[in-house]
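Asks: Got a structure for you, input_33.cif, holding mmCIF, C-alpha atoms and all ligand atoms.
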```
data_final
loop_
_atom_site.group_PDB
_atom_site.id
_atom_site.type_symbol
_atom_site.label_atom_id
_atom_site.label_comp_id
_atom_site.auth_asym_id
_atom_site.auth_seq_id
_atom_site.Cartn_x
_atom_site.Cartn_y
_atom_site.Cartn_z
ATOM 1 C CA MET A 1 36.884 -18.486 -33.635
ATOM 2 C CA LYS A 2 36.038 -22.047 -32.486
ATOM 3 C CA ARG A 3 35.437 -23.251 -36.027
ATOM 4 C CA ARG A 4 38.678 -21.703 -37.284
ATOM 5 C CA ALA A 5 40.580 -23.305 -34.409
ATOM 6 C CA CYS A 6 39.114 -26.723 -35.337
ATOM 7 C CA GLU A 7 40.196 -26.232 -38.925
ATOM 8 C CA GLU A 8 43.710 -25.267 -37.860
ATOM 9 C CA VAL A 9 44.254 -28.492 -35.919
ATOM 10 C CA GLY A 10 42.452 -30.786 -38.367
ATOM 11 C CA ILE A 11 39.175 -31.329 -36.514
ATOM 12 C CA GLU A 12 36.206 -31.328 -38.872
ATOM 13 C CA SER A 13 33.464 -29.088 -37.533
ATOM 14 C CA VAL A 14 29.909 -28.777 -38.774
ATOM 15 C CA HIS A 15 27.696 -25.875 -37.882
ATOM 16 C CA ARG A 16 23.942 -26.217 -37.522
ATOM 17 C CA ASP A 17 21.808 -23.123 -37.355
ATOM 18 C CA VAL A 18 18.469 -23.513 -35.624
ATOM 19 C CA ASP A 19 15.807 -20.946 -36.452
ATOM 20 C CA PRO A 20 15.158 -19.134 -33.150
ATOM 21 C CA ALA A 21 11.470 -18.863 -34.106
ATOM 22 C CA ALA A 22 11.211 -22.670 -34.325
ATOM 23 C CA GLY A 23 11.631 -22.964 -30.562
ATOM 24 C CA ALA A 24 12.875 -25.710 -28.264
ATOM 25 C CA ASP A 25 11.547 -28.650 -30.313
ATOM 26 C CA ALA A 26 13.648 -27.725 -33.331
ATOM 27 C CA LEU A 27 16.728 -27.302 -31.179
ATOM 28 C CA ARG A 28 16.131 -30.667 -29.509
ATOM 29 C CA ALA A 29 15.603 -32.392 -32.866
ATOM 30 C CA THR A 30 18.884 -31.007 -34.213
ATOM 31 C CA VAL A 31 20.813 -32.095 -31.140
ATOM 32 C CA ARG A 32 19.265 -35.608 -31.262
ATOM 33 C CA GLU A 33 20.257 -35.946 -34.901
ATOM 34 C CA LEU A 34 23.850 -35.152 -33.959
ATOM 35 C CA ASN A 35 23.664 -37.520 -30.979
ATOM 36 C CA ASP A 36 22.676 -40.330 -33.356
ATOM 37 C CA ASP A 37 25.311 -39.543 -35.967
ATOM 38 C CA PRO A 38 28.265 -41.917 -35.405
ATOM 39 C CA ALA A 39 30.554 -39.538 -37.308
ATOM 40 C CA VAL A 40 30.032 -36.846 -34.661
ATOM 41 C CA ASP A 41 32.230 -37.123 -31.564
ATOM 42 C CA GLY A 42 31.450 -33.860 -29.809
ATOM 43 C CA ILE A 43 28.501 -31.478 -29.639
ATOM 44 C CA LEU A 44 28.437 -27.924 -28.376
ATOM 45 C CA VAL A 45 25.230 -25.922 -28.054
ATOM 46 C CA GLN A 46 26.387 -22.350 -28.504
ATOM 47 C CA LEU A 47 24.952 -20.299 -25.641
ATOM 48 C CA PRO A 48 22.991 -18.187 -25.138
ATOM 49 C CA VAL A 49 20.061 -20.083 -26.635
ATOM 50 C CA PRO A 50 17.302 -17.976 -28.239
ATOM 51 C CA GLU A 51 14.921 -16.101 -25.996
ATOM 52 C CA GLY A 52 12.047 -18.284 -24.865
ATOM 53 C CA VAL A 53 14.090 -21.514 -25.076
ATOM 54 C CA ASP A 54 15.148 -23.018 -21.761
ATOM 55 C CA ARG A 55 18.934 -23.400 -21.724
ATOM 56 C CA SER A 56 18.680 -26.560 -19.660
ATOM 57 C CA VAL A 57 16.474 -28.243 -22.289
ATOM 58 C CA ALA A 58 19.189 -27.858 -24.880
ATOM 59 C CA VAL A 59 21.965 -28.861 -22.515
ATOM 60 C CA ARG A 60 20.101 -31.947 -21.245
ATOM 61 C CA THR A 61 19.498 -33.258 -24.766
ATOM 62 C CA VAL A 62 23.186 -33.582 -25.641
ATOM 63 C CA ASP A 63 24.549 -37.131 -25.298
ATOM 64 C CA PRO A 64 26.747 -36.907 -22.151
ATOM 65 C CA GLU A 65 29.524 -38.810 -23.959
ATOM 66 C CA LYS A 66 29.585 -36.088 -26.638
ATOM 67 C CA ASP A 67 29.107 -33.185 -24.256
ATOM 68 C CA VAL A 68 32.412 -31.398 -24.874
ATOM 69 C CA ASP A 69 31.217 -28.362 -22.888
ATOM 70 C CA GLY A 70 30.644 -30.531 -19.809
ATOM 71 C CA PHE A 71 27.280 -28.876 -19.072
ATOM 72 C CA HIS A 72 24.986 -31.946 -19.116
ATOM 73 C CA PRO A 73 23.634 -32.595 -15.584
ATOM 74 C CA GLU A 74 25.304 -36.029 -15.553
ATOM 75 C CA ASN A 75 28.653 -34.401 -16.296
ATOM 76 C CA VAL A 76 28.034 -31.600 -13.794
ATOM 77 C CA GLY A 77 27.324 -34.325 -11.204
ATOM 78 C CA ARG A 78 30.562 -36.103 -12.030
ATOM 79 C CA LEU A 79 32.470 -32.842 -11.726
ATOM 80 C CA VAL A 80 30.935 -32.134 -8.326
ATOM 81 C CA ALA A 81 31.734 -35.708 -7.261
ATOM 82 C CA GLY A 82 35.378 -35.130 -8.147
ATOM 83 C CA ASP A 83 35.437 -37.390 -11.218
ATOM 84 C CA PRO A 84 34.902 -35.117 -14.241
ATOM 85 C CA ARG A 85 34.226 -36.773 -17.606
ATOM 86 C CA PHE A 86 34.968 -33.472 -19.357
ATOM 87 C CA ARG A 87 36.358 -30.415 -17.602
ATOM 88 C CA PRO A 88 34.314 -27.388 -18.695
ATOM 89 C CA CYS A 89 36.445 -25.383 -21.124
ATOM 90 C CA THR A 90 36.818 -21.970 -19.462
ATOM 91 C CA PRO A 91 37.514 -23.322 -15.936
ATOM 92 C CA HIS A 92 39.908 -25.901 -17.380
ATOM 93 C CA GLY A 93 41.655 -23.145 -19.330
ATOM 94 C CA ILE A 94 42.031 -21.133 -16.129
ATOM 95 C CA GLN A 95 43.577 -24.139 -14.379
ATOM 96 C CA ARG A 96 46.023 -24.510 -17.253
ATOM 97 C CA LEU A 97 46.949 -20.825 -17.066
ATOM 98 C CA LEU A 98 47.665 -21.148 -13.335
ATOM 99 C CA ALA A 99 49.799 -24.222 -13.941
ATOM 100 C CA ALA A 100 51.673 -22.611 -16.847
ATOM 101 C CA ALA A 101 52.438 -19.558 -14.685
ATOM 102 C CA ASP A 102 53.700 -21.887 -11.904
ATOM 103 C CA VAL A 103 51.149 -20.523 -9.450
ATOM 104 C CA ASP A 104 51.286 -22.551 -6.266
ATOM 105 C CA THR A 105 47.676 -23.088 -5.199
ATOM 106 C CA GLU A 106 48.532 -25.399 -2.290
ATOM 107 C CA GLY A 107 46.660 -23.942 0.685
ATOM 108 C CA ALA A 108 46.052 -20.716 -1.236
ATOM 109 C CA ASP A 109 42.991 -18.490 -0.872
ATOM 110 C CA ILE A 110 41.235 -18.351 -4.230
ATOM 111 C CA THR A 111 38.315 -15.978 -4.639
ATOM 112 C CA VAL A 112 36.034 -16.460 -7.625
ATOM 113 C CA VAL A 113 33.694 -13.576 -8.442
ATOM 114 C CA GLY A 114 30.688 -15.011 -10.284
ATOM 115 C CA ARG A 115 28.632 -18.146 -9.685
ATOM 116 C CA SER A 116 27.390 -18.887 -13.203
ATOM 117 C CA GLN A 117 26.931 -22.435 -14.471
ATOM 118 C CA ILE A 118 29.591 -21.948 -17.124
ATOM 119 C CA VAL A 119 32.421 -20.259 -15.201
ATOM 120 C CA GLY A 120 32.155 -19.621 -11.454
ATOM 121 C CA ARG A 121 30.529 -22.828 -10.215
ATOM 122 C CA PRO A 122 32.420 -25.333 -12.363
ATOM 123 C CA LEU A 123 35.688 -23.549 -11.621
ATOM 124 C CA ALA A 124 35.065 -23.764 -7.874
ATOM 125 C CA ASN A 125 34.173 -27.443 -8.213
ATOM 126 C CA LEU A 126 37.226 -28.141 -10.310
ATOM 127 C CA LEU A 127 39.489 -26.415 -7.821
ATOM 128 C CA LEU A 128 37.978 -28.508 -5.027
ATOM 129 C CA ALA A 129 37.668 -31.748 -6.982
ATOM 130 C CA ARG A 130 40.997 -33.407 -6.427
ATOM 131 C CA ALA A 131 43.961 -32.768 -4.219
ATOM 132 C CA GLU A 132 46.272 -32.639 -7.242
ATOM 133 C CA ASP A 133 44.184 -29.773 -8.623
ATOM 134 C CA GLY A 134 45.321 -27.504 -5.894
ATOM 135 C CA ASN A 135 44.229 -27.921 -2.260
ATOM 136 C CA ALA A 136 43.068 -24.332 -2.305
ATOM 137 C CA THR A 137 40.454 -22.674 -0.104
ATOM 138 C CA VAL A 138 37.839 -21.403 -2.518
ATOM 139 C CA THR A 139 35.435 -18.530 -1.894
ATOM 140 C CA VAL A 140 32.696 -17.934 -4.454
ATOM 141 C CA CYS A 141 31.199 -14.428 -4.586
ATOM 142 C CA HIS A 142 28.192 -13.038 -6.444
ATOM 143 C CA SER A 143 26.073 -9.923 -6.747
ATOM 144 C CA ARG A 144 24.676 -10.273 -3.195
ATOM 145 C CA THR A 145 28.036 -10.859 -1.521
ATOM 146 C CA ARG A 146 28.578 -8.518 1.401
ATOM 147 C CA ASP A 147 31.829 -6.580 1.432
ATOM 148 C CA LEU A 148 33.086 -8.002 -1.837
ATOM 149 C CA ALA A 149 36.295 -5.959 -1.728
ATOM 150 C CA GLU A 150 37.344 -7.584 1.541
ATOM 151 C CA LYS A 151 37.018 -11.025 -0.068
ATOM 152 C CA THR A 152 38.790 -10.084 -3.280
ATOM 153 C CA ARG A 153 41.619 -8.249 -1.484
ATOM 154 C CA ARG A 154 42.579 -11.195 0.695
ATOM 155 C CA ALA A 155 42.804 -13.584 -2.279
ATOM 156 C CA ASP A 156 46.120 -15.027 -3.376
ATOM 157 C CA VAL A 157 44.379 -15.815 -6.645
ATOM 158 C CA LEU A 158 41.435 -13.727 -7.800
ATOM 159 C CA VAL A 159 39.293 -14.924 -10.691
ATOM 160 C CA VAL A 160 36.727 -12.434 -11.944
ATOM 161 C CA ALA A 161 33.802 -13.601 -14.100
ATOM 162 C CA ALA A 162 31.025 -11.093 -13.454
ATOM 163 C CA GLY A 163 30.464 -9.494 -16.861
ATOM 164 C CA ARG A 164 30.897 -5.966 -15.432
ATOM 165 C CA PRO A 165 33.336 -3.844 -17.449
ATOM 166 C CA GLU A 166 36.444 -2.880 -15.464
ATOM 167 C CA PHE A 167 34.670 -3.014 -12.114
ATOM 168 C CA VAL A 168 37.618 -4.490 -10.216
ATOM 169 C CA ASP A 169 39.938 -1.649 -9.327
ATOM 170 C CA ARG A 170 43.278 -1.503 -7.539
ATOM 171 C CA GLU A 171 41.645 -1.252 -4.106
ATOM 172 C CA MET A 172 39.993 -4.633 -4.620
ATOM 173 C CA VAL A 173 43.247 -6.479 -5.359
ATOM 174 C CA GLY A 174 45.884 -7.583 -2.879
ATOM 175 C CA GLU A 175 49.445 -6.587 -3.706
ATOM 176 C CA GLY A 176 51.179 -9.310 -5.708
ATOM 177 C CA ALA A 177 47.975 -11.325 -6.217
ATOM 178 C CA VAL A 178 47.407 -13.455 -9.280
ATOM 179 C CA VAL A 179 44.432 -11.997 -11.149
ATOM 180 C CA ILE A 180 42.605 -13.942 -13.847
ATOM 181 C CA ASP A 181 40.195 -11.747 -15.782
ATOM 182 C CA VAL A 182 37.494 -13.843 -17.462
ATOM 183 C CA GLY A 183 35.171 -10.984 -18.411
ATOM 184 C CA VAL A 184 34.676 -10.008 -22.026
ATOM 185 C CA ASN A 185 32.612 -6.841 -22.323
ATOM 186 C CA ARG A 186 31.864 -4.623 -25.291
ATOM 187 C CA VAL A 187 32.081 -0.940 -24.489
ATOM 188 C CA ASP A 188 31.486 1.976 -26.839
ATOM 189 C CA ALA A 189 34.736 3.309 -28.213
ATOM 190 C CA ASP A 190 36.057 5.537 -30.926
ATOM 191 C CA THR A 191 37.219 2.603 -33.070
ATOM 192 C CA GLU A 192 36.328 1.413 -36.555
ATOM 193 C CA ARG A 193 33.876 -1.081 -35.045
ATOM 194 C CA GLY A 194 32.445 1.484 -32.643
ATOM 195 C CA TYR A 195 33.363 -0.591 -29.606
ATOM 196 C CA GLU A 196 36.247 -2.264 -27.846
ATOM 197 C CA LEU A 197 36.525 -5.346 -25.652
ATOM 198 C CA VAL A 198 37.466 -4.898 -22.022
ATOM 199 C CA GLY A 199 37.616 -7.270 -19.091
ATOM 200 C CA ASP A 200 36.038 -7.121 -15.649
ATOM 201 C CA VAL A 201 39.307 -5.784 -14.254
ATOM 202 C CA ASP A 202 40.583 -2.255 -14.775
ATOM 203 C CA PHE A 203 43.807 -3.402 -16.417
ATOM 204 C CA GLU A 204 45.684 -0.101 -16.215
ATOM 205 C CA ALA A 205 44.855 0.406 -12.553
ATOM 206 C CA VAL A 206 45.723 -3.143 -11.492
ATOM 207 C CA GLU A 207 48.758 -3.822 -13.698
ATOM 208 C CA GLY A 208 51.953 -3.597 -11.676
ATOM 209 C CA HIS A 209 50.028 -3.930 -8.408
ATOM 210 C CA ALA A 210 48.967 -7.509 -9.109
ATOM 211 C CA GLY A 211 51.751 -10.072 -9.457
ATOM 212 C CA VAL A 212 50.130 -11.645 -12.514
ATOM 213 C CA LEU A 213 47.258 -10.220 -14.549
ATOM 214 C CA THR A 214 45.718 -11.778 -17.639
ATOM 215 C CA PRO A 215 44.798 -9.455 -20.520
ATOM 216 C CA VAL A 216 41.476 -9.043 -22.319
ATOM 217 C CA PRO A 217 41.344 -9.790 -25.181
ATOM 218 C CA GLY A 218 43.766 -12.705 -24.915
ATOM 219 C CA GLY A 219 44.326 -14.511 -21.636
ATOM 220 C CA VAL A 220 41.385 -16.760 -20.804
ATOM 221 C CA GLY A 221 39.560 -16.523 -24.161
ATOM 222 C CA PRO A 222 42.084 -18.458 -26.276
ATOM 223 C CA MET A 223 42.484 -20.999 -23.458
ATOM 224 C CA THR A 224 38.743 -21.696 -23.577
ATOM 225 C CA VAL A 225 39.010 -22.495 -27.276
ATOM 226 C CA ALA A 226 42.108 -24.650 -26.714
ATOM 227 C CA MET A 227 40.327 -26.670 -24.019
ATOM 228 C CA LEU A 228 37.367 -27.182 -26.339
ATOM 229 C CA LEU A 229 39.755 -28.782 -28.830
ATOM 230 C CA TYR A 230 41.162 -30.835 -25.954
ATOM 231 C CA ASN A 231 37.697 -32.122 -25.000
ATOM 232 C CA ALA A 232 36.796 -32.844 -28.622
ATOM 233 C CA THR A 233 39.967 -34.894 -28.999
ATOM 234 C CA LEU A 234 39.246 -36.691 -25.731
ATOM 235 C CA ALA A 235 35.711 -37.510 -26.862
ATOM 236 C CA ALA A 236 36.933 -38.831 -30.215
ATOM 237 C CA SER A 237 39.620 -40.906 -28.535
ATOM 238 C CA ARG A 238 37.176 -42.506 -26.096
ATOM 239 C CA ARG A 239 34.562 -43.182 -28.726
ATOM 240 C CA SER A 240 36.995 -44.689 -31.224
ATOM 241 C CA GLY A 241 39.030 -46.604 -28.650
ATOM 242 C CA VAL A 242 42.177 -45.103 -30.179
ATOM 243 C CA ASP A 243 44.453 -43.841 -27.445
ATOM 244 C CA VAL A 244 45.543 -40.253 -27.894
ATOM 245 C CA GLU A 245 48.138 -38.856 -25.570
ATOM 246 C CA LEU A 246 46.782 -35.578 -24.204
ATOM 247 C CA SER A 247 49.047 -33.528 -21.979
HETATM 248 P P1 LIG B 301 26.714 -14.496 -15.889
HETATM 249 O O1 LIG B 301 26.013 -15.772 -16.156
HETATM 250 O O2 LIG B 301 26.045 -13.201 -16.169
HETATM 251 O O3 LIG B 301 27.147 -14.511 -14.352
HETATM 252 C C1 LIG B 301 27.739 -13.399 -13.766
HETATM 253 C C2 LIG B 301 28.018 -13.695 -12.322
HETATM 254 O O4 LIG B 301 28.657 -12.568 -11.758
HETATM 255 C C3 LIG B 301 26.749 -13.953 -11.502
HETATM 256 O O5 LIG B 301 26.976 -14.993 -10.587
HETATM 257 C C4 LIG B 301 26.515 -12.628 -10.780
HETATM 258 O O6 LIG B 301 25.911 -12.763 -9.511
HETATM 259 C C5 LIG B 301 27.948 -12.142 -10.603
HETATM 260 N N1 LIG B 301 27.998 -10.684 -10.523
HETATM 261 C C6 LIG B 301 27.462 -9.792 -11.386
HETATM 262 N N2 LIG B 301 27.717 -8.530 -10.971
HETATM 263 C C7 LIG B 301 28.422 -8.640 -9.831
HETATM 264 C C8 LIG B 301 28.950 -7.700 -8.918
HETATM 265 N N3 LIG B 301 28.839 -6.377 -9.127
HETATM 266 N N4 LIG B 301 29.604 -8.164 -7.845
HETATM 267 C C9 LIG B 301 29.748 -9.495 -7.635
HETATM 268 N N5 LIG B 301 29.265 -10.441 -8.462
HETATM 269 C C10 LIG B 301 28.598 -10.006 -9.543
HETATM 270 O O7 LIG B 301 28.096 -14.410 -16.659
HETATM 271 P P2 LIG B 301 29.095 -15.581 -17.167
HETATM 272 O O8 LIG B 301 28.482 -16.302 -18.285
HETATM 273 O O9 LIG B 301 29.651 -16.332 -16.016
HETATM 274 O O10 LIG B 301 30.257 -14.662 -17.771
HETATM 275 C C11 LIG B 301 30.940 -13.716 -16.992
HETATM 276 C C12 LIG B 301 31.879 -12.923 -17.874
HETATM 277 O O11 LIG B 301 32.851 -13.816 -18.414
HETATM 278 C C13 LIG B 301 31.205 -12.272 -19.095
HETATM 279 O O12 LIG B 301 31.852 -11.047 -19.363
HETATM 280 C C14 LIG B 301 31.450 -13.268 -20.213
HETATM 281 O O13 LIG B 301 31.471 -12.648 -21.480
HETATM 282 C C15 LIG B 301 32.818 -13.756 -19.830
HETATM 283 N N6 LIG B 301 33.151 -15.107 -20.328
HETATM 284 C C16 LIG B 301 34.330 -15.240 -20.939
HETATM 285 C C17 LIG B 301 34.736 -16.486 -21.372
HETATM 286 C C18 LIG B 301 36.068 -16.625 -22.024
HETATM 287 O O14 LIG B 301 36.354 -17.670 -22.586
HETATM 288 N N7 LIG B 301 36.925 -15.613 -21.932
HETATM 289 C C19 LIG B 301 33.920 -17.602 -21.194
HETATM 290 C C20 LIG B 301 32.700 -17.432 -20.534
HETATM 291 C C21 LIG B 301 32.329 -16.161 -20.088
HETATM 292 P P3 LIG B 301 24.425 -13.352 -9.322
HETATM 293 O O15 LIG B 301 24.553 -14.841 -9.463
HETATM 294 O O16 LIG B 301 24.059 -12.946 -7.941
HETATM 295 O O17 LIG B 301 23.587 -12.718 -10.379
#
```
For the file at hand, write its structure as structure tokens.
Ligand code: NAP

Replies:
Amino acid sequence: MKRRACEEVGIESVHRDVDPAAGADALRATVRELNDDPAVDGILVQLPVPEGVDRSVAVRTVDPEKDVDGFHPENVGRLVAGDPRFRPCTPHGIQRLLAAADVDTEGADITVVGRSQIVGRPLANLLLARAEDGNATVTVCHSRTRDLAEKTRRADVLVVAAGRPEFVDREMVGEGAVVIDVGVNRVDADTERGYELVGDVDFEAVEGHAGVLTPVPGGVGPMTVAMLLYNATLAASRRSGVDVELS
């Protein structure tokens, strides 16, 4: 999907497979080669990395200037400090969805379910980073949160990124709330492929009760890809010194 999207907008993408059996050294060597290649503007280590390889090793090896995922510790630090070099793609996509739907986040209660490094945490940091990003009050929940439903129900904006198929039901959503479903889960189904994709929110139960509800598939997924293209363009622009107007 990401490679096709690159092709569609005229970004050349190269794909490097690393033999999972070759371990962390091989992965590091491949990333370093791409770091050193002046023709490469952006690098993305497709997660999850193979079993036995530490994710952080791969992420730390990427040149921070080419880190279009925004996962390098230097870039995470800048995000937390309120000065992101690259906004991580899924959280940035969620921000764009909120803006496109004219959701007023000024003073709003936003509950994020999930505290992963790729969705929940960076989203919370992004929402808190700068006043112009929203001035919201952000609550981050996880698997040990007590009385989760109380925290999700009171949210003006509820973002769910837990990886639990359809676990958010109507009772967990406040009437008229904006609900962003990040989850993408495969469940067995009587389809040609033998499965279907569902979100973390029970769409049928919550539709009509929520004010806004993003679908799965669709919704956040395509926005993640779009923001990857955004970051790649930003990286190329900075590295080449050619100004590109990005809206
Ligand atoms: P992850 O690393 O597994 O993190 C899941 C988070 O949800 C953890 O913080 C976990 O809590 C929390 N959680 C799990 N069960 C919970 C429960 N019953 N109640 C409350 N919190 C719970 O997952 P992820 O990488 O963030 O991804 C989450 C979902 O988003 C997945 O379905 C993934 O496929 C999807 N995703 C979609 C996109 C997209 O572009 N659409 C991008 C990224 C991810 P603990 O920390 O306590 O374990």

Asks: List as a VMD selection string the protein and nucleic acid residues lying within 10 Å of ligand LIG 301 (chain B), with all atoms listed in the file counted.

Replies: chain A and resid 47 to 48 89 to 91 93 to 94 112 to 121 140 to 149 160 to 165 167 to 168 181 to 186 197 to 200 216 to 227

Asks: So what do you get for atom CA of Ala29 of chain A versus atom CA of Val53 of chain A, distance-wise?

Replies: 13.5 Å

Asks: Which residues, written as a PDB file with C-alpha atoms, in the coordinates of the input, have at least one atom at most 10 Å from segment 232-242 of chain A, with only C-alpha atoms counted and residues fewer than 3 positions away on the same chain left out?

Replies:
```pdb
ATOM      1  CA  CYS A   6      39.114 -26.723 -35.337  1.00  0.00           C
ATOM      2  CA  ILE A  11      39.175 -31.329 -36.514  1.00  0.00           C
ATOM      3  CA  PRO A  38      28.265 -41.917 -35.405  1.00  0.00           C
ATOM      4  CA  ALA A  39      30.554 -39.538 -37.308  1.00  0.00           C
ATOM      5  CA  VAL A  40      30.032 -36.846 -34.661  1.00  0.00           C
ATOM      6  CA  ASP A  41      32.230 -37.123 -31.564  1.00  0.00           C
ATOM      7  CA  GLY A  42      31.450 -33.860 -29.809  1.00  0.00           C
ATOM      8  CA  ILE A  43      28.501 -31.478 -29.639  1.00  0.00           C
ATOM      9  CA  LEU A  44      28.437 -27.924 -28.376  1.00  0.00           C
ATOM     10  CA  GLU A  65      29.524 -38.810 -23.959  1.00  0.00           C
ATOM     11  CA  LYS A  66      29.585 -36.088 -26.638  1.00  0.00           C
ATOM     12  CA  ASP A  67      29.107 -33.185 -24.256  1.00  0.00           C
ATOM     13  CA  VAL A  68      32.412 -31.398 -24.874  1.00  0.00           C
ATOM     14  CA  ASP A  69      31.217 -28.362 -22.888  1.00  0.00           C
ATOM     15  CA  ARG A  85      34.226 -36.773 -17.606  1.00  0.00           C
ATOM     16  CA  PHE A  86      34.968 -33.472 -19.357  1.00  0.00           C
ATOM     17  CA  ALA A 226      42.108 -24.650 -26.714  1.00  0.00           C
ATOM     18  CA  MET A 227      40.327 -26.670 -24.019  1.00  0.00           C
ATOM     19  CA  LEU A 228      37.367 -27.182 -26.339  1.00  0.00           C
ATOM     20  CA  LEU A 229      39.755 -28.782 -28.830  1.00  0.00           C
ATOM     21  CA  GLU A 245      48.138 -38.856 -25.570  1.00  0.00           C
ATOM     22  CA  LEU A 246      46.782 -35.578 -24.204  1.00  0.00           C
TER      23      LEU A 246
END
```

Asks: Given the file above and the PyMOL selection byres (((chain A and resi 104-107) around 7) and not hetatm), which residues are selected, and can you give them as a ChimeraX atom specification?

Replies: /A:102-103,108-109,134-137

Asks: Using all atoms listed in the file, find the one residue out of A:Leu123, A:Val201, A:Leu79, A:Ala24 that sits nearest to Asp169 of chain A.

Replies: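 Checking each of A:Leu123, A:Val201, A:Leu79, A:Ala24 against Asp169 of chain A, counting all atoms listed in the file, the winner is A:Val201.
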
Asks: So how far away is atom CA of Val9 of chain A from atom CA of Val244 of chain A, in Å?

Replies: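 Straight-line distance from atom CA of Val244 of chain A to atom CA of Val9 of chain A works out to 14.3 Å.
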
Asks: Please, what distance in Å, to one decimal, runs between atom CA of Val212 of chain A and atom CA of Val179 of chain A?

Replies: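 Between atom CA of Val212 of chain A and atom CA of Val179 of chain A the gap works out to 5.9 Å.
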
Asks: Which residues are close to Val59 of chain A, i.e. within 8 Å by only C-alpha atoms, leaving aside same-chain residues fewer than 2 positions away? Reply as a PyMOL selection string.

Replies: chain A and resi 45+55-57+61-62+71-72

Asks: List the spatial neighbours of Thr152 of chain A as number ranges by chain - criterion: any atom at most 7 Å away, only C-alpha atoms, same-chain residues fewer than 4 positions off excluded.

Replies: A: 111, 148, 158, 172-173

Asks: Have a look at A:Arg170, A:Val49, A:Ile180, A:Glu196 and name the one nearest to Leu97 of chain A; count all atoms listed in the file.

Replies: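 Distance minimum relative to Leu97 of chain A lands on A:Ile180.
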
Asks: Please write as a compact mmCIF listing (two decimals) with C-alpha atoms, in the frame of the given file the full residue list that the PyMOL selection byres (((chain A and resi 84) around 10) and not hetatm) yields on this file.

Replies:
```
# COMPACT_ATOMS: atom_id res chain seq x y z
CA GLY A 70 30.64 -30.53 -19.81
CA GLU A 74 25.30 -36.03 -15.55
CA ASN A 75 28.65 -34.40 -16.30
CA VAL A 76 28.03 -31.60 -13.79
CA GLY A 77 27.32 -34.33 -11.20
CA ARG A 78 30.56 -36.10 -12.03
CA LEU A 79 32.47 -32.84 -11.73
CA VAL A 80 30.94 -32.13 -8.33
CA ALA A 81 31.73 -35.71 -7.26
CA GLY A 82 35.38 -35.13 -8.15
CA ASP A 83 35.44 -37.39 -11.22
CA ARG A 85 34.23 -36.77 -17.61
CA PHE A 86 34.97 -33.47 -19.36
CA ARG A 87 36.36 -30.42 -17.60
CA PRO A 88 34.31 -27.39 -18.70
CA ASN A 125 34.17 -27.44 -8.21
CA LEU A 126 37.23 -28.14 -10.31
CA ALA A 129 37.67 -31.75 -6.98
```

Asks: Atoms are missing here; could segment 192-203 of chain A be completed with N, CA and C atoms and written as a PDB file, in the frame of the given file?

Replies:
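Generated file (rebuild-v7.pdb):
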```
ATOM      1  N   GLU A 192      37.025   1.688 -35.288  1.00  0.00           N
ATOM      2  CA  GLU A 192      36.328   1.413 -36.555  1.00  0.00           C
ATOM      3  C   GLU A 192      35.019   0.668 -36.300  1.00  0.00           C
ATOM      4  N   ARG A 193      35.070  -0.261 -35.331  1.00  0.00           N
ATOM      5  CA  ARG A 193      33.876  -1.081 -35.045  1.00  0.00           C
ATOM      6  C   ARG A 193      32.876  -0.366 -34.137  1.00  0.00           C
ATOM      7  N   GLY A 194      33.327   0.725 -33.542  1.00  0.00           N
ATOM      8  CA  GLY A 194      32.445   1.484 -32.643  1.00  0.00           C
ATOM      9  C   GLY A 194      32.447   0.959 -31.219  1.00  0.00           C
ATOM     10  N   TYR A 195      33.259  -0.060 -30.960  1.00  0.00           N
ATOM     11  CA  TYR A 195      33.363  -0.591 -29.606  1.00  0.00           C
ATOM     12  C   TYR A 195      34.743  -1.201 -29.397  1.00  0.00           C
ATOM     13  N   GLU A 196      35.056  -1.473 -28.142  1.00  0.00           N
ATOM     14  CA  GLU A 196      36.247  -2.264 -27.846  1.00  0.00           C
ATOM     15  C   GLU A 196      35.906  -3.291 -26.776  1.00  0.00           C
ATOM     16  N   LEU A 197      36.752  -4.303 -26.657  1.00  0.00           N
ATOM     17  CA  LEU A 197      36.525  -5.346 -25.652  1.00  0.00           C
ATOM     18  C   LEU A 197      37.365  -5.053 -24.424  1.00  0.00           C
ATOM     19  N   VAL A 198      36.721  -5.075 -23.276  1.00  0.00           N
ATOM     20  CA  VAL A 198      37.466  -4.898 -22.022  1.00  0.00           C
ATOM     21  C   VAL A 198      37.057  -6.018 -21.065  1.00  0.00           C
ATOM     22  N   GLY A 199      37.904  -6.235 -20.082  1.00  0.00           N
ATOM     23  CA  GLY A 199      37.616  -7.270 -19.091  1.00  0.00           C
ATOM     24  C   GLY A 199      36.805  -6.730 -17.931  1.00  0.00           C
ATOM     25  N   ASP A 200      36.716  -7.543 -16.880  1.00  0.00           N
ATOM     26  CA  ASP A 200      36.038  -7.121 -15.649  1.00  0.00           C
ATOM     27  C   ASP A 200      37.000  -6.385 -14.720  1.00  0.00           C
ATOM     28  N   VAL A 201      38.284  -6.414 -15.086  1.00  0.00           N
ATOM     29  CA  VAL A 201      39.307  -5.784 -14.254  1.00  0.00           C
ATOM     30  C   VAL A 201      39.818  -4.538 -14.978  1.00  0.00           C
ATOM     31  N   ASP A 202      40.000  -3.479 -14.222  1.00  0.00           N
ATOM     32  CA  ASP A 202      40.583  -2.255 -14.775  1.00  0.00           C
ATOM     33  C   ASP A 202      42.085  -2.503 -14.958  1.00  0.00           C
ATOM     34  N   PHE A 203      42.449  -2.910 -16.164  1.00  0.00           N
ATOM     35  CA  PHE A 203      43.807  -3.402 -16.417  1.00  0.00           C
ATOM     36  C   PHE A 203      44.867  -2.372 -16.032  1.00  0.00           C
TER      37      PHE A 203
END
```
